[in-house]
Amino acid sequence: MPKAWTWLIGMLLLTGSFTLQAAPKKYPEVNQEVRAKAATVVLKKTEGIALLYVKGLCCPSCALGVRSKLSKLKFVDKKRFKKGIDMDAETQLVTIALKEDQSIDPAQVEKGIDDAGYVAIEWYTLEGATLKAHPFPKQKP
Amino acid sequence: MNMMPRWSGGWGVQTIMEHRTERDLLLGGEVANKGFGEEVNVLHLEGVYTWRRAVRLTAKLPYVLNARREMPDGSGGKMIQRDQGLGDLTLALPLKKYFNLDGRSGSWSFKPMLRVPLAGEDEYQIYDDAWGTGLGLSYEFETYRMFFFVGTSGWLYREDKPFESQSSLDLGYKFEAKGSNGAILWESDFQYKDDGSETLLAGPAFYWNLNDLTHMRLEWKHDFHDRQGVLDHGNGDAFKLSIGWVF
């Protein structure tokens with residue numbers, strides 16, 4: 001059999017197997033409901049953080065710019081996590097460690113994420129046991 | 001991956017060690033001289049700067065550490081020819097349109113390119129030593145688990161060199177482990193010259209993002225189909241080991 005056919009059959013098998021493997025196991029679909037559950041768990045578990053949904057952040061390597069841009073902001077506690085930023089490419093959630101008694105500046109965070117090549121959608125807080133989403137300025141209607 | 005650095009003001013450098021061997025001398029689809037081989041070792045130096053996420057500049061400069069090929073000497077024997085030194089510089093201005101979806105991110109790229117002749121005269125030439133202009137188009141996306149790339153590019157040269165094109169299809173499975181991440185890929189390239197040469201080469205690659213700064217890549221490509229429009233070497237394998245840093 002010509003070697004080019006070997007390549008073609010190999011490609012078809014690989015494409016099929018990669019497509020099957022591409023579906024995340026832990027979160028069958030990364031949708032708002034799944035993300036909200038994950039965000040609630042993180043906010044209950046960790047204090048002194050801001051938790052953001054960054055649309056498109058599904059490649060840990062490409063997202064290094066998010067850490068690079070956000071860690072320069074003055075309210076970020078760089079001693080926690082990795083330079084103050086933790087990223088979950090599976091749920092597209094970014095955790096910012098905040099300095100004591102500090103809160104995020106949404107406009108600065110949104111600009112940093114935009115410069116990094118992604119879209120900041122909203123950040124979350126817990127009010128009692130209820131998760132509340134706060135849209136970033138450019139996402140407001 | 002290819003989308004790095006996608007942040008404004010990001011830059012990076014990369015060195016690639018390439019080892020390529022060809023087993024036979026081909027003419028058309030036939031082996032003209034079996035066992036007349038070629039061995040090439042090239043060090044590639046590459047740099048990238050992204051000043052806005054949609055616009056970046058890349059520079060690639062190869063240095064031929066040593067290249068050796070066997071050619072017919074006209075009396076039934078073998079003649080050894082060698083090449084060494086700088087190759088041709090390639091400058092490119094990739095213009096990218098990114099998209100960010102829920103669980104998926106990618107880009108469309110339009111890439112004008114310029115080839116600057118820096119390769120000197122040797123017994124034979126790995127690089128063409130000719131001015132050239134090229135254009136590349138590509139589409140790529142990633143999910144949390146999957147990487148996909150498809151692209152094509154073409155080169156026209158000022159000297160009497162054939163038009164060259166390359167089309168690529170890459171598939172990757174991504175993983176995270178112990179604070180780092182990486183991907184296992186299967187990459188395929190089809191190279192065509194309008195002198196009738198065509199090569200289909202494919203093989204596995206392994207990418208590893210060691211930390212925020214350092215990235216490594218290992219790839220092996222095998223010639224699955226080789227045809228030379230003029231007498232040239234083929235039926236070989238190429239290995240590349242690269243290490244890069246982004247800031």
# chains A, B, ... in the order shown; residues from 1 in each chain; ligands from 1
>>> interface_residues(of="chain B", to="chain A", cutoff="9 Å", atoms="only C-alpha atoms", output="ChimeraX atom specification")
/B:1-10,52-54,98-106,142-147,171-174,176,180-182,186,188,200-202,209,211-213,215,223-225,247
>>> select_by_dssp(residues="range 39-94 of chain A", states="alpha helix (DSSP H)", output="number ranges by chain")
A: 39-45, 64-70
>>> atom_distance(atom1="CA of Glu110 in chain A", atom2="CA of Ala133 in chain A")
14.9 Å
>>> residues_around(residues="Leu95 in chain B", least_positions_apart="6", cutoff="8 Å", atoms="only C-alpha atoms", output="PyMOL selection string")
chain B and resi 54-56+109-111
>>> residues_around(residues="range 75-92 of chain B", least_positions_apart="6", cutoff="6 Å", atoms="only C-alpha atoms", output="ChimeraX atom specification")
/B:57-69,112-119,122-124,127
>>> write_last_selection(atoms="N, CA and C atoms", output="JSON list (two decimals), in the first residue's frame")
[["chain", "number", "residue", "atom", "x", "y", "z"],
["B", 57, "LEU", "N", 5.34, 40.72, 14.92],
["B", 57, "LEU", "CA", 6.46, 40.65, 13.99],
["B", 57, "LEU", "C", 7.30, 39.44, 14.36],
["B", 58, "THR", "N", 7.66, 38.64, 13.37],
["B", 58, "THR", "CA", 8.52, 37.48, 13.66],
["B", 58, "THR", "C", 9.76, 37.52, 12.77],
["B", 59, "ALA", "N", 10.85, 37.00, 13.29],
["B", 59, "ALA", "CA", 12.10, 36.90, 12.53],
["B", 59, "ALA", "C", 12.67, 35.50, 12.75],
["B", 60, "LYS", "N", 13.09, 34.87, 11.66],
["B", 60, "LYS", "CA", 13.64, 33.51, 11.76],
["B", 60, "LYS", "C", 14.94, 33.45, 10.98],
["B", 61, "LEU", "N", 15.99, 33.06, 11.68],
["B", 61, "LEU", "CA", 17.31, 32.99, 11.03],
["B", 61, "LEU", "C", 17.91, 31.61, 11.25],
["B", 62, "PRO", "N", 18.09, 30.83, 10.19],
["B", 62, "PRO", "CA", 18.72, 29.52, 10.34],
["B", 62, "PRO", "C", 20.24, 29.60, 10.18],
["B", 63, "TYR", "N", 20.93, 28.73, 10.89],
["B", 63, "TYR", "CA", 22.38, 28.62, 10.74],
["B", 63, "TYR", "C", 22.70, 27.14, 10.47],
["B", 64, "VAL", "N", 23.25, 26.86, 9.32],
["B", 64, "VAL", "CA", 23.57, 25.48, 8.95],
["B", 64, "VAL", "C", 24.87, 25.09, 9.68],
["B", 65, "LEU", "N", 24.72, 24.21, 10.66],
["B", 65, "LEU", "CA", 25.91, 23.77, 11.41],
["B", 65, "LEU", "C", 26.78, 22.90, 10.52],
["B", 66, "ASN", "N", 26.14, 21.95, 9.86],
["B", 66, "ASN", "CA", 26.84, 21.18, 8.83],
["B", 66, "ASN", "C", 25.82, 20.46, 7.98],
["B", 67, "ALA", "N", 26.09, 20.42, 6.71],
["B", 67, "ALA", "CA", 25.23, 19.70, 5.78],
["B", 67, "ALA", "C", 26.14, 18.94, 4.82],
["B", 68, "ARG", "N", 25.71, 17.72, 4.53],
["B", 68, "ARG", "CA", 26.56, 16.85, 3.70],
["B", 68, "ARG", "C", 25.64, 16.03, 2.81],
["B", 69, "ARG", "N", 25.95, 16.00, 1.52],
["B", 69, "ARG", "CA", 25.13, 15.16, 0.65],
["B", 69, "ARG", "C", 26.01, 14.37, -0.32],
["B", 112, "PRO", "N", 1.87, 38.30, 5.69],
["B", 112, "PRO", "CA", 2.85, 38.65, 4.65],
["B", 112, "PRO", "C", 4.26, 38.30, 5.13],
["B", 113, "MET", "N", 5.09, 37.82, 4.21],
["B", 113, "MET", "CA", 6.44, 37.38, 4.60],
["B", 113, "MET", "C", 7.48, 37.88, 3.60],
["B", 114, "LEU", "N", 8.70, 38.03, 4.08],
["B", 114, "LEU", "CA", 9.81, 38.47, 3.23],
["B", 114, "LEU", "C", 11.02, 37.59, 3.50],
["B", 115, "ARG", "N", 11.64, 37.09, 2.46],
["B", 115, "ARG", "CA", 12.86, 36.29, 2.60],
["B", 115, "ARG", "C", 14.05, 37.15, 2.20],
["B", 116, "VAL", "N", 15.02, 37.27, 3.10],
["B", 116, "VAL", "CA", 16.21, 38.10, 2.85],
["B", 116, "VAL", "C", 17.41, 37.17, 2.64],
["B", 117, "PRO", "N", 18.05, 37.24, 1.48],
["B", 117, "PRO", "CA", 19.15, 36.30, 1.21],
["B", 117, "PRO", "C", 20.40, 36.61, 2.03],
["B", 118, "LEU", "N", 20.77, 35.69, 2.89],
["B", 118, "LEU", "CA", 21.99, 35.84, 3.68],
["B", 118, "LEU", "C", 22.90, 34.64, 3.51],
["B", 119, "ALA", "N", 22.38, 33.60, 2.87],
["B", 119, "ALA", "CA", 23.18, 32.38, 2.71],
["B", 119, "ALA", "C", 24.29, 32.62, 1.68],
["B", 122, "ASP", "N", 28.23, 27.94, -1.34],
["B", 122, "ASP", "CA", 28.92, 26.75, -0.86],
["B", 122, "ASP", "C", 28.91, 25.71, -1.98],
["B", 123, "GLU", "N", 29.39, 24.52, -1.66],
["B", 123, "GLU", "CA", 29.39, 23.47, -2.69],
["B", 123, "GLU", "C", 27.96, 23.14, -3.13],
["B", 124, "TYR", "N", 27.04, 23.25, -2.18],
["B", 124, "TYR", "CA", 25.62, 23.19, -2.54],
["B", 124, "TYR", "C", 24.86, 24.02, -1.51],
["B", 127, "TYR", "N", 19.83, 26.62, 1.67],
["B", 127, "TYR", "CA", 18.92, 27.76, 1.52],
["B", 127, "TYR", "C", 19.19, 28.43, 0.17]]
>>> residues_around(residues="Glu187 in chain B", least_positions_apart="5", cutoff="10 Å", atoms="only C-alpha atoms", output="list in words")
Met11 of chain A; Phe148, Phe149, Val150, Ser168, Leu169, Asp170, Leu171, Gly172, Leu201, Ala202, Gly203, Pro204, Ala205, Glu219, Trp220 and Lys221 of chain B
>>> write_last_selection(atoms="N, CA, C and O atoms", output="PDB file, in the first residue's frame")
ATOM      1  N   MET A  11      -4.540   9.627   9.556  1.00  0.00           N
ATOM      2  CA  MET A  11      -5.158  10.925   9.844  1.00  0.00           C
ATOM      3  C   MET A  11      -6.628  10.765  10.225  1.00  0.00           C
ATOM      4  O   MET A  11      -7.111  11.411  11.145  1.00  0.00           O
TER       5      MET A  11
ATOM      6  N   PHE B 148      -6.361  22.576  17.135  1.00  0.00           N
ATOM      7  CA  PHE B 148      -6.550  22.352  15.705  1.00  0.00           C
ATOM      8  C   PHE B 148      -5.913  23.502  14.935  1.00  0.00           C
ATOM      9  O   PHE B 148      -6.102  24.670  15.291  1.00  0.00           O
ATOM     10  N   PHE B 149      -5.162  23.173  13.901  1.00  0.00           N
ATOM     11  CA  PHE B 149      -4.542  24.205  13.062  1.00  0.00           C
ATOM     12  C   PHE B 149      -4.611  23.766  11.613  1.00  0.00           C
ATOM     13  O   PHE B 149      -4.310  22.614  11.279  1.00  0.00           O
ATOM     14  N   VAL B 150      -4.986  24.681  10.741  1.00  0.00           N
ATOM     15  CA  VAL B 150      -4.883  24.420   9.302  1.00  0.00           C
ATOM     16  C   VAL B 150      -4.358  25.700   8.657  1.00  0.00           C
ATOM     17  O   VAL B 150      -4.758  26.812   9.038  1.00  0.00           O
ATOM     18  N   SER B 168      -0.527  22.865   5.885  1.00  0.00           N
ATOM     19  CA  SER B 168      -0.344  22.104   7.122  1.00  0.00           C
ATOM     20  C   SER B 168      -1.674  21.818   7.794  1.00  0.00           C
ATOM     21  O   SER B 168      -2.601  22.627   7.725  1.00  0.00           O
ATOM     22  N   LEU B 169      -1.728  20.661   8.429  1.00  0.00           N
ATOM     23  CA  LEU B 169      -2.882  20.293   9.242  1.00  0.00           C
ATOM     24  C   LEU B 169      -2.343  19.679  10.528  1.00  0.00           C
ATOM     25  O   LEU B 169      -1.630  18.677  10.487  1.00  0.00           O
ATOM     26  N   ASP B 170      -2.646  20.300  11.669  1.00  0.00           N
ATOM     27  CA  ASP B 170      -2.141  19.816  12.954  1.00  0.00           C
ATOM     28  C   ASP B 170      -3.310  19.543  13.893  1.00  0.00           C
ATOM     29  O   ASP B 170      -4.239  20.344  13.983  1.00  0.00           O
ATOM     30  N   LEU B 171      -3.223  18.434  14.592  1.00  0.00           N
ATOM     31  CA  LEU B 171      -4.227  18.094  15.597  1.00  0.00           C
ATOM     32  C   LEU B 171      -3.505  17.829  16.905  1.00  0.00           C
ATOM     33  O   LEU B 171      -2.462  17.177  16.910  1.00  0.00           O
ATOM     34  N   GLY B 172      -4.052  18.322  18.005  1.00  0.00           N
ATOM     35  CA  GLY B 172      -3.370  18.121  19.270  1.00  0.00           C
ATOM     36  C   GLY B 172      -4.316  17.776  20.400  1.00  0.00           C
ATOM     37  O   GLY B 172      -5.468  18.224  20.415  1.00  0.00           O
ATOM     38  N   LEU B 201       4.853  15.070   4.446  1.00  0.00           N
ATOM     39  CA  LEU B 201       5.559  14.604   5.624  1.00  0.00           C
ATOM     40  C   LEU B 201       4.680  14.794   6.849  1.00  0.00           C
ATOM     41  O   LEU B 201       3.908  15.754   6.925  1.00  0.00           O
ATOM     42  N   ALA B 202       4.767  13.869   7.767  1.00  0.00           N
ATOM     43  CA  ALA B 202       3.889  13.906   8.938  1.00  0.00           C
ATOM     44  C   ALA B 202       4.547  13.168  10.087  1.00  0.00           C
ATOM     45  O   ALA B 202       5.451  12.351   9.888  1.00  0.00           O
ATOM     46  N   GLY B 203       4.068  13.470  11.286  1.00  0.00           N
ATOM     47  CA  GLY B 203       4.608  12.776  12.443  1.00  0.00           C
ATOM     48  C   GLY B 203       4.151  13.391  13.732  1.00  0.00           C
ATOM     49  O   GLY B 203       3.455  14.404  13.747  1.00  0.00           O
ATOM     50  N   PRO B 204       4.568  12.796  14.847  1.00  0.00           N
ATOM     51  CA  PRO B 204       4.133  13.273  16.151  1.00  0.00           C
ATOM     52  C   PRO B 204       4.988  14.438  16.662  1.00  0.00           C
ATOM     53  O   PRO B 204       6.142  14.609  16.261  1.00  0.00           O
ATOM     54  N   ALA B 205       4.395  15.214  17.549  1.00  0.00           N
ATOM     55  CA  ALA B 205       5.135  16.287  18.218  1.00  0.00           C
ATOM     56  C   ALA B 205       4.671  16.332  19.669  1.00  0.00           C
ATOM     57  O   ALA B 205       3.547  15.940  19.989  1.00  0.00           O
ATOM     58  N   GLU B 219       9.716  17.265  17.897  1.00  0.00           N
ATOM     59  CA  GLU B 219       8.892  16.735  16.798  1.00  0.00           C
ATOM     60  C   GLU B 219       9.694  15.832  15.869  1.00  0.00           C
ATOM     61  O   GLU B 219      10.913  15.968  15.747  1.00  0.00           O
ATOM     62  N   TRP B 220       8.980  14.932  15.268  1.00  0.00           N
ATOM     63  CA  TRP B 220       9.579  14.011  14.291  1.00  0.00           C
ATOM     64  C   TRP B 220       8.637  13.946  13.099  1.00  0.00           C
ATOM     65  O   TRP B 220       7.449  13.697  13.254  1.00  0.00           O
ATOM     66  N   LYS B 221       9.175  14.178  11.918  1.00  0.00           N
ATOM     67  CA  LYS B 221       8.347  14.077  10.719  1.00  0.00           C
ATOM     68  C   LYS B 221       9.006  13.114   9.725  1.00  0.00           C
ATOM     69  O   LYS B 221      10.211  13.171   9.491  1.00  0.00           O
TER      70      LYS B 221
END
>>> residues_around(residues="range 18-25 of chain B", least_positions_apart="6", cutoff="7 Å", atoms="only C-alpha atoms", output="JSON, numbers by chain")
{"B": [31, 32, 33, 34, 35, 36, 37, 38, 39, 40, 41, 42, 43, 231, 232, 233, 234, 235, 236, 237, 238, 239, 240, 241]}
>>> atom_distance(atom1="CA of Gly28 in chain B", atom2="CA of Thr152 in chain B")
23.6 Å
